[in-house]
$ cat protein.cif   # mmCIF, N, CA, C and O atoms
data_coords
#
loop_
_atom_site.label_atom_id
_atom_site.label_comp_id
_atom_site.auth_asym_id
_atom_site.auth_seq_id
_atom_site.Cartn_x
_atom_site.Cartn_y
_atom_site.Cartn_z
N MET A 1 0.85 -1.19 0.00
CA MET A 1 0.00 0.00 0.00
C MET A 1 0.88 1.24 0.00
O MET A 1 1.94 1.27 0.62
N SER A 2 0.44 2.28 -0.65
CA SER A 2 1.22 3.51 -0.74
C SER A 2 1.16 4.27 0.59
O SER A 2 0.37 3.97 1.47
N GLN A 3 2.00 5.27 0.69
CA GLN A 3 2.02 6.08 1.91
C GLN A 3 0.69 6.82 2.09
O GLN A 3 0.20 6.94 3.20
N LEU A 4 0.14 7.31 0.98
CA LEU A 4 -1.14 8.00 1.06
C LEU A 4 -2.23 7.03 1.54
O LEU A 4 -3.04 7.37 2.38
N GLY A 5 -2.21 5.83 1.02
CA GLY A 5 -3.17 4.81 1.44
C GLY A 5 -3.04 4.49 2.92
O GLY A 5 -4.03 4.30 3.62
N ASP A 6 -1.81 4.44 3.41
CA ASP A 6 -1.58 4.18 4.83
C ASP A 6 -2.12 5.31 5.69
O ASP A 6 -2.72 5.08 6.74
N LYS A 7 -1.93 6.56 5.24
CA LYS A 7 -2.42 7.71 5.99
C LYS A 7 -3.94 7.71 6.04
O LYS A 7 -4.54 7.96 7.08
N ILE A 8 -4.57 7.44 4.91
CA ILE A 8 -6.03 7.42 4.86
C ILE A 8 -6.56 6.28 5.74
O ILE A 8 -7.50 6.47 6.50
N SER A 9 -5.95 5.13 5.64
CA SER A 9 -6.38 4.00 6.44
C SER A 9 -6.24 4.28 7.93
O SER A 9 -7.12 3.98 8.73
N ALA A 10 -5.13 4.90 8.32
CA ALA A 10 -4.91 5.22 9.73
C ALA A 10 -5.93 6.24 10.21
O ALA A 10 -6.45 6.16 11.32
N LYS A 11 -6.25 7.20 9.37
CA LYS A 11 -7.22 8.23 9.73
C LYS A 11 -8.62 7.62 9.86
O LYS A 11 -9.37 7.95 10.76
N CYS A 12 -8.99 6.73 8.96
CA CYS A 12 -10.31 6.11 8.99
C CYS A 12 -10.47 5.16 10.17
O CYS A 12 -11.57 5.00 10.68
N ASP A 13 -9.39 4.53 10.59
CA ASP A 13 -9.47 3.59 11.69
C ASP A 13 -9.84 4.27 13.00
O ASP A 13 -10.42 3.66 13.88
N GLY A 14 -9.51 5.55 13.14
CA GLY A 14 -9.79 6.26 14.38
C GLY A 14 -11.12 6.97 14.42
O GLY A 14 -11.40 7.70 15.37
N ILE A 15 -11.98 6.79 13.45
CA ILE A 15 -13.27 7.49 13.40
C ILE A 15 -14.30 6.72 14.21
O ILE A 15 -14.48 5.52 14.06
N ASN A 16 -14.99 7.45 15.07
CA ASN A 16 -16.06 6.87 15.89
C ASN A 16 -17.38 7.12 15.15
O ASN A 16 -18.00 8.16 15.30
N TYR A 17 -17.80 6.14 14.39
CA TYR A 17 -18.98 6.30 13.55
C TYR A 17 -20.27 6.42 14.37
O TYR A 17 -21.21 7.08 13.95
N GLU A 18 -20.30 5.78 15.52
CA GLU A 18 -21.47 5.89 16.39
C GLU A 18 -21.64 7.34 16.87
O GLU A 18 -22.75 7.85 16.96
N LYS A 19 -20.52 7.99 17.18
CA LYS A 19 -20.57 9.38 17.62
C LYS A 19 -21.08 10.29 16.49
O LYS A 19 -21.90 11.17 16.72
N ILE A 20 -20.60 10.04 15.29
CA ILE A 20 -21.06 10.83 14.14
C ILE A 20 -22.55 10.60 13.91
O ILE A 20 -23.30 11.53 13.65
N ASP A 21 -22.99 9.36 14.05
CA ASP A 21 -24.39 9.03 13.84
C ASP A 21 -25.29 9.73 14.86
O ASP A 21 -26.44 10.04 14.56
N ARG A 22 -24.80 10.02 16.03
CA ARG A 22 -25.58 10.70 17.06
C ARG A 22 -25.57 12.23 16.90
O ARG A 22 -26.34 12.92 17.58
N MET A 23 -24.72 12.74 16.03
CA MET A 23 -24.64 14.19 15.84
C MET A 23 -25.88 14.70 15.11
O MET A 23 -26.30 14.13 14.10
N GLU A 24 -26.47 15.77 15.63
CA GLU A 24 -27.68 16.35 15.04
C GLU A 24 -27.41 16.88 13.62
O GLU A 24 -28.22 16.71 12.72
N THR A 25 -26.25 17.51 13.43
CA THR A 25 -25.94 18.06 12.10
C THR A 25 -25.80 16.95 11.06
O THR A 25 -26.22 17.12 9.91
N PHE A 26 -25.25 15.81 11.47
CA PHE A 26 -25.14 14.68 10.54
C PHE A 26 -26.52 14.16 10.18
O PHE A 26 -26.81 13.90 9.00
N ASN A 27 -27.39 14.03 11.15
CA ASN A 27 -28.73 13.51 10.89
C ASN A 27 -29.53 14.48 10.02
O ASN A 27 -30.30 14.04 9.15
N GLN A 28 -29.36 15.77 10.21
CA GLN A 28 -30.03 16.75 9.35
C GLN A 28 -29.48 16.65 7.93
O GLN A 28 -30.24 16.73 6.96
N PHE A 29 -28.17 16.49 7.81
CA PHE A 29 -27.53 16.35 6.50
C PHE A 29 -28.08 15.12 5.76
O PHE A 29 -28.46 15.21 4.59
N VAL A 30 -28.14 14.00 6.45
CA VAL A 30 -28.62 12.76 5.82
C VAL A 30 -30.09 12.90 5.42
O VAL A 30 -30.48 12.48 4.32
N LYS A 31 -30.89 13.51 6.29
CA LYS A 31 -32.31 13.69 5.98
C LYS A 31 -32.49 14.57 4.75
O LYS A 31 -33.29 14.26 3.86
N LYS A 32 -31.74 15.67 4.69
CA LYS A 32 -31.84 16.59 3.55
C LYS A 32 -31.40 15.90 2.25
O LYS A 32 -32.05 16.02 1.22
N LYS A 33 -30.31 15.16 2.32
CA LYS A 33 -29.80 14.48 1.14
C LYS A 33 -30.77 13.38 0.68
O LYS A 33 -31.05 13.27 -0.52
N ASN A 34 -31.28 12.60 1.61
CA ASN A 34 -32.22 11.54 1.25
C ASN A 34 -33.51 12.10 0.67
O ASN A 34 -34.05 11.55 -0.29
N THR A 35 -34.01 13.19 1.23
CA THR A 35 -35.22 13.82 0.70
C THR A 35 -35.00 14.26 -0.74
O THR A 35 -35.84 14.01 -1.61
N PHE A 36 -33.87 14.87 -1.01
CA PHE A 36 -33.54 15.31 -2.36
C PHE A 36 -33.43 14.12 -3.32
O PHE A 36 -34.04 14.11 -4.40
N LEU A 37 -32.67 13.10 -2.92
CA LEU A 37 -32.45 11.95 -3.80
C LEU A 37 -33.73 11.16 -4.05
O LEU A 37 -33.99 10.74 -5.18
N PHE A 38 -34.51 10.93 -3.01
CA PHE A 38 -35.76 10.20 -3.21
C PHE A 38 -36.75 11.01 -4.06
O PHE A 38 -37.46 10.45 -4.88
N GLY A 39 -36.76 12.32 -3.88
CA GLY A 39 -37.63 13.17 -4.69
C GLY A 39 -37.29 13.10 -6.16
O GLY A 39 -38.17 12.95 -7.01
N ILE A 40 -36.00 13.20 -6.46
CA ILE A 40 -35.56 13.11 -7.86
C ILE A 40 -35.86 11.73 -8.43
O ILE A 40 -36.33 11.59 -9.55
N THR A 41 -35.61 10.69 -7.64
CA THR A 41 -35.85 9.32 -8.12
C THR A 41 -37.32 9.08 -8.40
O THR A 41 -37.67 8.52 -9.45
N ILE A 42 -38.18 9.50 -7.49
CA ILE A 42 -39.63 9.31 -7.68
C ILE A 42 -40.11 10.09 -8.90
O ILE A 42 -40.88 9.58 -9.72
N THR A 43 -39.63 11.32 -9.05
CA THR A 43 -40.01 12.13 -10.22
C THR A 43 -39.60 11.44 -11.51
O THR A 43 -40.41 11.29 -12.44
N PHE A 44 -38.34 11.01 -11.58
CA PHE A 44 -37.85 10.36 -12.79
C PHE A 44 -38.63 9.09 -13.10
O PHE A 44 -39.09 8.88 -14.22
N LEU A 45 -38.77 8.22 -12.09
CA LEU A 45 -39.44 6.93 -12.33
C LEU A 45 -40.91 7.11 -12.70
O LEU A 45 -41.42 6.37 -13.54
N THR A 46 -41.57 8.08 -12.10
CA THR A 46 -42.97 8.32 -12.42
C THR A 46 -43.13 8.68 -13.90
O THR A 46 -43.93 8.06 -14.62
N PHE A 47 -42.36 9.66 -14.36
CA PHE A 47 -42.47 10.07 -15.75
C PHE A 47 -41.95 9.00 -16.71
O PHE A 47 -42.46 8.84 -17.81
N TYR A 48 -40.93 8.27 -16.30
CA TYR A 48 -40.35 7.23 -17.16
C TYR A 48 -41.32 6.07 -17.33
O TYR A 48 -41.50 5.56 -18.44
N ILE A 49 -41.95 5.63 -16.25
CA ILE A 49 -42.86 4.49 -16.31
C ILE A 49 -44.17 4.86 -17.01
O ILE A 49 -44.82 4.00 -17.61
N LEU A 50 -44.55 6.12 -16.94
CA LEU A 50 -45.79 6.54 -17.61
C LEU A 50 -45.69 6.46 -19.14
O LEU A 50 -46.71 6.30 -19.81
N LEU A 51 -44.49 6.56 -19.69
CA LEU A 51 -44.37 6.53 -21.15
C LEU A 51 -44.92 5.25 -21.76
O LEU A 51 -45.79 5.31 -22.63
N PRO A 52 -44.45 4.06 -21.33
CA PRO A 52 -45.01 2.86 -21.96
C PRO A 52 -46.49 2.64 -21.63
O PRO A 52 -47.22 2.06 -22.42
N VAL A 53 -46.93 3.16 -20.49
CA VAL A 53 -48.34 3.02 -20.14
C VAL A 53 -49.20 3.90 -21.04
O VAL A 53 -50.21 3.45 -21.60
N LEU A 54 -48.80 5.15 -21.21
CA LEU A 54 -49.59 6.09 -22.01
C LEU A 54 -49.37 5.94 -23.51
O LEU A 54 -50.20 6.38 -24.30
N ALA A 55 -48.28 5.33 -23.92
CA ALA A 55 -47.96 5.23 -25.35
C ALA A 55 -48.99 4.43 -26.12
O ALA A 55 -49.20 4.67 -27.31
N PHE A 56 -49.62 3.49 -25.45
CA PHE A 56 -50.59 2.64 -26.14
C PHE A 56 -52.03 3.03 -25.85
O PHE A 56 -52.95 2.26 -26.05
N THR A 57 -52.19 4.23 -25.37
CA THR A 57 -53.54 4.77 -25.15
C THR A 57 -53.78 5.88 -26.16
O THR A 57 -52.84 6.44 -26.73
N PRO A 58 -55.02 6.21 -26.36
CA PRO A 58 -55.32 7.29 -27.32
C PRO A 58 -54.80 8.66 -26.88
O PRO A 58 -54.69 9.57 -27.70
N VAL A 59 -54.45 8.79 -25.62
CA VAL A 59 -54.00 10.08 -25.10
C VAL A 59 -52.78 10.59 -25.86
O VAL A 59 -52.74 11.73 -26.32
N LEU A 60 -51.77 9.76 -26.00
CA LEU A 60 -50.52 10.18 -26.65
C LEU A 60 -50.47 9.83 -28.14
O LEU A 60 -49.48 10.12 -28.80
N GLN A 61 -51.50 9.20 -28.66
CA GLN A 61 -51.50 8.83 -30.08
C GLN A 61 -52.00 9.96 -30.96
O GLN A 61 -51.91 9.88 -32.18
N GLN A 62 -52.51 11.01 -30.37
CA GLN A 62 -53.01 12.14 -31.16
C GLN A 62 -51.84 12.95 -31.71
O GLN A 62 -50.77 12.99 -31.12
N LYS A 63 -52.09 13.60 -32.82
CA LYS A 63 -51.03 14.39 -33.46
C LYS A 63 -50.83 15.70 -32.72
O LYS A 63 -51.77 16.39 -32.37
N ALA A 64 -49.56 16.03 -32.50
CA ALA A 64 -49.21 17.28 -31.81
C ALA A 64 -48.92 18.36 -32.84
O ALA A 64 -49.53 19.42 -32.84
N VAL A 65 -47.95 18.08 -33.71
CA VAL A 65 -47.56 19.02 -34.76
C VAL A 65 -47.33 18.21 -36.03
O VAL A 65 -46.47 17.33 -36.06
N GLY A 66 -48.08 18.49 -37.05
CA GLY A 66 -47.92 17.74 -38.30
C GLY A 66 -48.20 16.27 -38.07
O GLY A 66 -49.25 15.89 -37.57
N SER A 67 -47.24 15.43 -38.45
CA SER A 67 -47.42 13.99 -38.24
C SER A 67 -46.74 13.49 -36.98
O SER A 67 -46.67 12.29 -36.74
N ILE A 68 -46.25 14.40 -36.15
CA ILE A 68 -45.58 14.04 -34.89
C ILE A 68 -46.65 13.88 -33.82
O ILE A 68 -47.43 14.79 -33.55
N THR A 69 -46.66 12.71 -33.19
CA THR A 69 -47.64 12.46 -32.13
C THR A 69 -47.07 12.88 -30.77
O THR A 69 -45.88 13.15 -30.62
N TRP A 70 -47.96 12.91 -29.79
CA TRP A 70 -47.56 13.30 -28.44
C TRP A 70 -46.59 12.31 -27.81
O TRP A 70 -45.86 12.66 -26.88
N VAL A 71 -46.53 11.08 -28.31
CA VAL A 71 -45.56 10.10 -27.80
C VAL A 71 -44.15 10.62 -28.03
O VAL A 71 -43.29 10.54 -27.15
N TRP A 72 -43.91 11.17 -29.21
CA TRP A 72 -42.58 11.69 -29.52
C TRP A 72 -42.25 12.91 -28.68
O TRP A 72 -41.12 13.08 -28.21
N VAL A 73 -43.23 13.75 -28.47
CA VAL A 73 -43.04 14.94 -27.63
C VAL A 73 -42.72 14.51 -26.19
O VAL A 73 -41.80 15.04 -25.56
N TYR A 74 -43.48 13.54 -25.69
CA TYR A 74 -43.26 13.03 -24.34
C TYR A 74 -41.87 12.39 -24.22
O TYR A 74 -41.17 12.60 -23.23
N SER A 75 -41.49 11.64 -25.23
CA SER A 75 -40.16 11.00 -25.23
C SER A 75 -39.05 12.04 -25.20
O SER A 75 -38.06 11.89 -24.48
N LEU A 76 -39.18 13.08 -26.01
CA LEU A 76 -38.20 14.16 -26.00
C LEU A 76 -38.17 14.84 -24.63
O LEU A 76 -37.09 15.16 -24.11
N ALA A 77 -39.34 15.02 -24.04
CA ALA A 77 -39.41 15.63 -22.71
C ALA A 77 -38.68 14.78 -21.67
O ALA A 77 -38.09 15.31 -20.72
N LEU A 78 -38.69 13.47 -21.84
CA LEU A 78 -37.95 12.59 -20.93
C LEU A 78 -36.44 12.84 -21.01
O LEU A 78 -35.75 12.86 -19.99
N PHE A 79 -35.94 13.04 -22.22
CA PHE A 79 -34.52 13.35 -22.37
C PHE A 79 -34.19 14.69 -21.72
O PHE A 79 -33.18 14.82 -21.02
N ILE A 80 -35.04 15.67 -21.95
CA ILE A 80 -34.82 16.98 -21.36
C ILE A 80 -34.88 16.90 -19.83
O ILE A 80 -34.05 17.48 -19.13
N MET A 81 -35.86 16.14 -19.31
CA MET A 81 -35.97 15.96 -17.86
C MET A 81 -34.72 15.30 -17.29
O MET A 81 -34.22 15.70 -16.24
N THR A 82 -34.21 14.31 -18.00
CA THR A 82 -33.01 13.62 -17.52
C THR A 82 -31.83 14.58 -17.45
O THR A 82 -31.09 14.58 -16.46
N ILE A 83 -31.65 15.39 -18.45
CA ILE A 83 -30.56 16.36 -18.45
C ILE A 83 -30.73 17.36 -17.32
O ILE A 83 -29.77 17.68 -16.60
N ILE A 84 -31.95 17.83 -17.11
CA ILE A 84 -32.20 18.79 -16.03
C ILE A 84 -31.95 18.16 -14.66
O ILE A 84 -31.30 18.76 -13.80
N LEU A 85 -32.44 16.95 -14.46
CA LEU A 85 -32.24 16.28 -13.17
C LEU A 85 -30.76 15.99 -12.91
O LEU A 85 -30.30 16.14 -11.78
N CYS A 86 -30.04 15.60 -13.93
CA CYS A 86 -28.59 15.35 -13.77
C CYS A 86 -27.85 16.64 -13.44
O CYS A 86 -26.98 16.65 -12.57
N THR A 87 -28.21 17.71 -14.11
CA THR A 87 -27.58 19.00 -13.83
C THR A 87 -27.89 19.45 -12.42
O THR A 87 -27.01 19.92 -11.69
N LEU A 88 -29.14 19.29 -12.01
CA LEU A 88 -29.54 19.65 -10.65
C LEU A 88 -28.78 18.81 -9.63
O LEU A 88 -28.30 19.33 -8.61
N TYR A 89 -28.62 17.52 -9.90
CA TYR A 89 -27.89 16.65 -8.99
C TYR A 89 -26.43 17.09 -8.87
O TYR A 89 -25.88 17.12 -7.76
N VAL A 90 -25.80 17.41 -9.96
CA VAL A 90 -24.40 17.83 -9.93
C VAL A 90 -24.24 19.11 -9.10
O VAL A 90 -23.31 19.23 -8.29
N LYS A 91 -25.17 20.04 -9.25
CA LYS A 91 -25.11 21.28 -8.47
C LYS A 91 -25.34 21.00 -6.99
O LYS A 91 -24.67 21.56 -6.12
N MET A 92 -26.28 20.13 -6.69
CA MET A 92 -26.58 19.82 -5.29
C MET A 92 -25.48 18.96 -4.67
O MET A 92 -25.23 19.05 -3.46
N ALA A 93 -24.81 18.14 -5.46
CA ALA A 93 -23.75 17.29 -4.93
C ALA A 93 -22.62 18.11 -4.32
O ALA A 93 -22.07 17.75 -3.28
N SER A 94 -22.29 19.22 -4.94
CA SER A 94 -21.23 20.07 -4.38
C SER A 94 -21.68 20.66 -3.04
O SER A 94 -20.88 20.79 -2.11
N LYS A 95 -22.95 21.01 -2.92
CA LYS A 95 -23.47 21.50 -1.64
C LYS A 95 -23.46 20.39 -0.59
O LYS A 95 -23.15 20.63 0.58
N PHE A 96 -23.79 19.18 -1.01
CA PHE A 96 -23.76 18.05 -0.08
C PHE A 96 -22.33 17.75 0.36
O PHE A 96 -22.10 17.39 1.52
N ASP A 97 -21.38 17.88 -0.54
CA ASP A 97 -19.97 17.68 -0.18
C ASP A 97 -19.53 18.69 0.87
O ASP A 97 -18.83 18.35 1.83
N LYS A 98 -19.94 19.95 0.70
CA LYS A 98 -19.59 20.98 1.67
C LYS A 98 -20.25 20.71 3.01
O LYS A 98 -19.63 20.89 4.07
N ALA A 99 -21.50 20.26 2.99
CA ALA A 99 -22.20 19.95 4.24
C ALA A 99 -21.55 18.76 4.93
O ALA A 99 -21.40 18.76 6.17
N ALA A 100 -21.11 17.76 4.18
CA ALA A 100 -20.43 16.61 4.77
C ALA A 100 -19.10 17.03 5.38
O ALA A 100 -18.73 16.57 6.46
N ALA A 101 -18.38 17.92 4.69
CA ALA A 101 -17.12 18.43 5.23
C ALA A 101 -17.36 19.21 6.52
O ALA A 101 -16.57 19.10 7.48
N ALA A 102 -18.46 19.96 6.58
CA ALA A 102 -18.79 20.71 7.80
C ALA A 102 -19.10 19.75 8.95
O ALA A 102 -18.70 20.00 10.10
N VAL A 103 -19.77 18.66 8.67
CA VAL A 103 -20.07 17.66 9.70
C VAL A 103 -18.76 17.06 10.21
O VAL A 103 -18.57 16.90 11.42
N LEU A 104 -17.84 16.75 9.31
CA LEU A 104 -16.55 16.18 9.73
C LEU A 104 -15.74 17.19 10.54
O LEU A 104 -15.08 16.81 11.52
N GLN A 105 -15.80 18.45 10.16
CA GLN A 105 -15.09 19.47 10.94
C GLN A 105 -15.68 19.57 12.34
O GLN A 105 -14.93 19.69 13.32
N GLU A 106 -16.99 19.53 12.43
CA GLU A 106 -17.64 19.59 13.75
C GLU A 106 -17.23 18.37 14.59
O GLU A 106 -16.97 18.49 15.78
N TYR A 107 -17.17 17.22 13.95
CA TYR A 107 -16.76 15.99 14.64
C TYR A 107 -15.32 16.13 15.17
O TYR A 107 -15.04 15.77 16.30
N GLU A 108 -14.43 16.68 14.33
CA GLU A 108 -13.04 16.83 14.73
C GLU A 108 -12.88 17.89 15.83
O GLU A 108 -12.07 17.74 16.73
N LYS A 109 -13.69 18.94 15.79
CA LYS A 109 -13.63 19.98 16.82
C LYS A 109 -14.15 19.47 18.16
O LYS A 109 -13.77 19.97 19.21
N ALA A 110 -15.04 18.48 18.11
CA ALA A 110 -15.62 17.94 19.33
C ALA A 110 -14.63 17.04 20.07
O ALA A 110 -14.97 16.46 21.09
N GLY A 111 -13.43 16.93 19.55
CA GLY A 111 -12.40 16.15 20.23
C GLY A 111 -12.32 14.71 19.81
O GLY A 111 -12.03 13.83 20.61
N ALA A 112 -12.63 14.45 18.57
CA ALA A 112 -12.60 13.07 18.09
C ALA A 112 -11.18 12.56 17.99
O ALA A 112 -10.24 13.22 17.85
#

$ encode --input "protein.cif" --output "structure tokens"
Amino acid sequence: MSQLGDKISAKCDGINYEKIDRMETFNQFVKKKNTFLFGITITFLTFYILLPVLAFTPVLQQKAVGSITWVWVYSLALFIMTIILCTLYVKMASKFDKAAAAVLQEYEKAGA
């Protein structure tokens, strides 16, 4: 193992995970992150699963523009939604990283 690996391993071995789990800031961080992730997941899966359900109904078989039906519009909207959700996740991930670093700093200040 490299020297960096040894340092990381030594640092991780001394972490009291039970103490971190009892920290209020950690629990707020986890709750906020889980709410965000589950919200995005439910949104994506709802719209994604509705496509095959609605595709074979008259709802999306009607023409939207010219010979393009609403199925194609809905499918395009899924791609756009995916790009938006991924972009949102990337932006929120940096905030979550900062919040996690703040939790670790609080843990270290508490005399860990």

$ atom_distance --input "protein.cif" --atom1 "atom CA of Gln61 of chain A" --atom2 "atom N of Met81 of chain A"
20.3 Å

$ select_by_dssp --input "protein.cif" --residues "chain A" --states "alpha helix (DSSP H)" --output "ChimeraX atom specification"
/A:3-13,17-22,24-55,58-61,70-109

$ residues_near_point --input "protein.cif" --point "(-28.2, 21.9, -3.4)" --cutoff "12 Å" --atoms "only C-alpha atoms" --output "list of chain:residue names"
A:Phe29, A:Lys32, A:Lys33, A:Thr35, A:Phe36, A:Leu37, A:Leu85, A:Thr87, A:Leu88, A:Tyr89, A:Val90, A:Lys91, A:Met92, A:Ala93, A:Ser94, A:Lys95, A:Phe96, A:Asp97, A:Lys98, A:Ala99

$ residues_around --input "protein.cif" --residues "segment 43-58 of chain A" --least-positions-apart "2" --cutoff "12 Å" --atoms "only C-alpha atoms" --output "list in words"
Phe36, Leu37, Phe38, Gly39, Ile40, Thr41, Leu60, Gln61, Gln62, Lys63, Thr69, Trp70, Val71, Trp72, Val73, Tyr74, Ser75, Leu76, Ala77, Leu78, Phe79, Ile80, Met81, Thr82, Ile83, Ile84, Leu85 and Cys86 of chain A

$ write_last_selection --input "protein.cif" --atoms "N, CA, C and O atoms" --output "mmCIF file, keeping the file's coordinate frame"
data_model
loop_
_atom_site.group_PDB
_atom_site.id
_atom_site.type_symbol
_atom_site.label_atom_id
_atom_site.label_comp_id
_atom_site.auth_asym_id
_atom_site.auth_seq_id
_atom_site.Cartn_x
_atom_site.Cartn_y
_atom_site.Cartn_z
ATOM 1 N N PHE A 36 -33.870 14.870 -1.010
ATOM 2 C CA PHE A 36 -33.540 15.310 -2.360
ATOM 3 C C PHE A 36 -33.430 14.120 -3.320
ATOM 4 O O PHE A 36 -34.040 14.110 -4.400
ATOM 5 N N LEU A 37 -32.670 13.100 -2.920
ATOM 6 C CA LEU A 37 -32.450 11.950 -3.800
ATOM 7 C C LEU A 37 -33.730 11.160 -4.050
ATOM 8 O O LEU A 37 -33.990 10.740 -5.180
ATOM 9 N N PHE A 38 -34.510 10.930 -3.010
ATOM 10 C CA PHE A 38 -35.760 10.200 -3.210
ATOM 11 C C PHE A 38 -36.750 11.010 -4.060
ATOM 12 O O PHE A 38 -37.460 10.450 -4.880
ATOM 13 N N GLY A 39 -36.760 12.320 -3.880
ATOM 14 C CA GLY A 39 -37.630 13.170 -4.690
ATOM 15 C C GLY A 39 -37.290 13.100 -6.160
ATOM 16 O O GLY A 39 -38.170 12.950 -7.010
ATOM 17 N N ILE A 40 -36.000 13.200 -6.460
ATOM 18 C CA ILE A 40 -35.560 13.110 -7.860
ATOM 19 C C ILE A 40 -35.860 11.730 -8.430
ATOM 20 O O ILE A 40 -36.330 11.590 -9.550
ATOM 21 N N THR A 41 -35.610 10.690 -7.640
ATOM 22 C CA THR A 41 -35.850 9.320 -8.120
ATOM 23 C C THR A 41 -37.320 9.080 -8.400
ATOM 24 O O THR A 41 -37.670 8.520 -9.450
ATOM 25 N N LEU A 60 -51.770 9.760 -26.000
ATOM 26 C CA LEU A 60 -50.520 10.180 -26.650
ATOM 27 C C LEU A 60 -50.470 9.830 -28.140
ATOM 28 O O LEU A 60 -49.480 10.120 -28.800
ATOM 29 N N GLN A 61 -51.500 9.200 -28.660
ATOM 30 C CA GLN A 61 -51.500 8.830 -30.080
ATOM 31 C C GLN A 61 -52.000 9.960 -30.960
ATOM 32 O O GLN A 61 -51.910 9.880 -32.180
ATOM 33 N N GLN A 62 -52.510 11.010 -30.370
ATOM 34 C CA GLN A 62 -53.010 12.140 -31.160
ATOM 35 C C GLN A 62 -51.840 12.950 -31.710
ATOM 36 O O GLN A 62 -50.770 12.990 -31.120
ATOM 37 N N LYS A 63 -52.090 13.600 -32.820
ATOM 38 C CA LYS A 63 -51.030 14.390 -33.460
ATOM 39 C C LYS A 63 -50.830 15.700 -32.720
ATOM 40 O O LYS A 63 -51.770 16.390 -32.370
ATOM 41 N N THR A 69 -46.660 12.710 -33.190
ATOM 42 C CA THR A 69 -47.640 12.460 -32.130
ATOM 43 C C THR A 69 -47.070 12.880 -30.770
ATOM 44 O O THR A 69 -45.880 13.150 -30.620
ATOM 45 N N TRP A 70 -47.960 12.910 -29.790
ATOM 46 C CA TRP A 70 -47.560 13.300 -28.440
ATOM 47 C C TRP A 70 -46.590 12.310 -27.810
ATOM 48 O O TRP A 70 -45.860 12.660 -26.880
ATOM 49 N N VAL A 71 -46.530 11.080 -28.310
ATOM 50 C CA VAL A 71 -45.560 10.100 -27.800
ATOM 51 C C VAL A 71 -44.150 10.620 -28.030
ATOM 52 O O VAL A 71 -43.290 10.540 -27.150
ATOM 53 N N TRP A 72 -43.910 11.170 -29.210
ATOM 54 C CA TRP A 72 -42.580 11.690 -29.520
ATOM 55 C C TRP A 72 -42.250 12.910 -28.680
ATOM 56 O O TRP A 72 -41.120 13.080 -28.210
ATOM 57 N N VAL A 73 -43.230 13.750 -28.470
ATOM 58 C CA VAL A 73 -43.040 14.940 -27.630
ATOM 59 C C VAL A 73 -42.720 14.510 -26.190
ATOM 60 O O VAL A 73 -41.800 15.040 -25.560
ATOM 61 N N TYR A 74 -43.480 13.540 -25.690
ATOM 62 C CA TYR A 74 -43.260 13.030 -24.340
ATOM 63 C C TYR A 74 -41.870 12.390 -24.220
ATOM 64 O O TYR A 74 -41.170 12.600 -23.230
ATOM 65 N N SER A 75 -41.490 11.640 -25.230
ATOM 66 C CA SER A 75 -40.160 11.000 -25.230
ATOM 67 C C SER A 75 -39.050 12.040 -25.200
ATOM 68 O O SER A 75 -38.060 11.890 -24.480
ATOM 69 N N LEU A 76 -39.180 13.080 -26.010
ATOM 70 C CA LEU A 76 -38.200 14.160 -26.000
ATOM 71 C C LEU A 76 -38.170 14.840 -24.630
ATOM 72 O O LEU A 76 -37.090 15.160 -24.110
ATOM 73 N N ALA A 77 -39.340 15.020 -24.040
ATOM 74 C CA ALA A 77 -39.410 15.630 -22.710
ATOM 75 C C ALA A 77 -38.680 14.780 -21.670
ATOM 76 O O ALA A 77 -38.090 15.310 -20.720
ATOM 77 N N LEU A 78 -38.690 13.470 -21.840
ATOM 78 C CA LEU A 78 -37.950 12.590 -20.930
ATOM 79 C C LEU A 78 -36.440 12.840 -21.010
ATOM 80 O O LEU A 78 -35.750 12.860 -19.990
ATOM 81 N N PHE A 79 -35.940 13.040 -22.220
ATOM 82 C CA PHE A 79 -34.520 13.350 -22.370
ATOM 83 C C PHE A 79 -34.190 14.690 -21.720
ATOM 84 O O PHE A 79 -33.180 14.820 -21.020
ATOM 85 N N ILE A 80 -35.040 15.670 -21.950
ATOM 86 C CA ILE A 80 -34.820 16.980 -21.360
ATOM 87 C C ILE A 80 -34.880 16.900 -19.830
ATOM 88 O O ILE A 80 -34.050 17.480 -19.130
ATOM 89 N N MET A 81 -35.860 16.140 -19.310
ATOM 90 C CA MET A 81 -35.970 15.960 -17.860
ATOM 91 C C MET A 81 -34.720 15.300 -17.290
ATOM 92 O O MET A 81 -34.220 15.700 -16.240
ATOM 93 N N THR A 82 -34.210 14.310 -18.000
ATOM 94 C CA THR A 82 -33.010 13.620 -17.520
ATOM 95 C C THR A 82 -31.830 14.580 -17.450
ATOM 96 O O THR A 82 -31.090 14.580 -16.460
ATOM 97 N N ILE A 83 -31.650 15.390 -18.450
ATOM 98 C CA ILE A 83 -30.560 16.360 -18.450
ATOM 99 C C ILE A 83 -30.730 17.360 -17.320
ATOM 100 O O ILE A 83 -29.770 17.680 -16.600
ATOM 101 N N ILE A 84 -31.950 17.830 -17.110
ATOM 102 C CA ILE A 84 -32.200 18.790 -16.030
ATOM 103 C C ILE A 84 -31.950 18.160 -14.660
ATOM 104 O O ILE A 84 -31.300 18.760 -13.800
ATOM 105 N N LEU A 85 -32.440 16.950 -14.460
ATOM 106 C CA LEU A 85 -32.240 16.280 -13.170
ATOM 107 C C LEU A 85 -30.760 15.990 -12.910
ATOM 108 O O LEU A 85 -30.300 16.140 -11.780
ATOM 109 N N CYS A 86 -30.040 15.600 -13.930
ATOM 110 C CA CYS A 86 -28.590 15.350 -13.770
ATOM 111 C C CYS A 86 -27.850 16.640 -13.440
ATOM 112 O O CYS A 86 -26.980 16.650 -12.570
#

$ atom_distance --input "protein.cif" --atom1 "atom N of Tyr107 of chain A" --atom2 "atom CA of Asn34 of chain A"
20.5 Å

$ residues_near_point --input "protein.cif" --point "(-22.5, 16.6, 19.1)" --cutoff "9 Å" --atoms "only C-alpha atoms" --output "PyMOL selection string"
chain A and resi 19-20+22-25+106-107+110

$ atom_distance --input "protein.cif" --atom1 "atom O of Ile42 of chain A" --atom2 "atom O of Phe26 of chain A"
23.8 Å
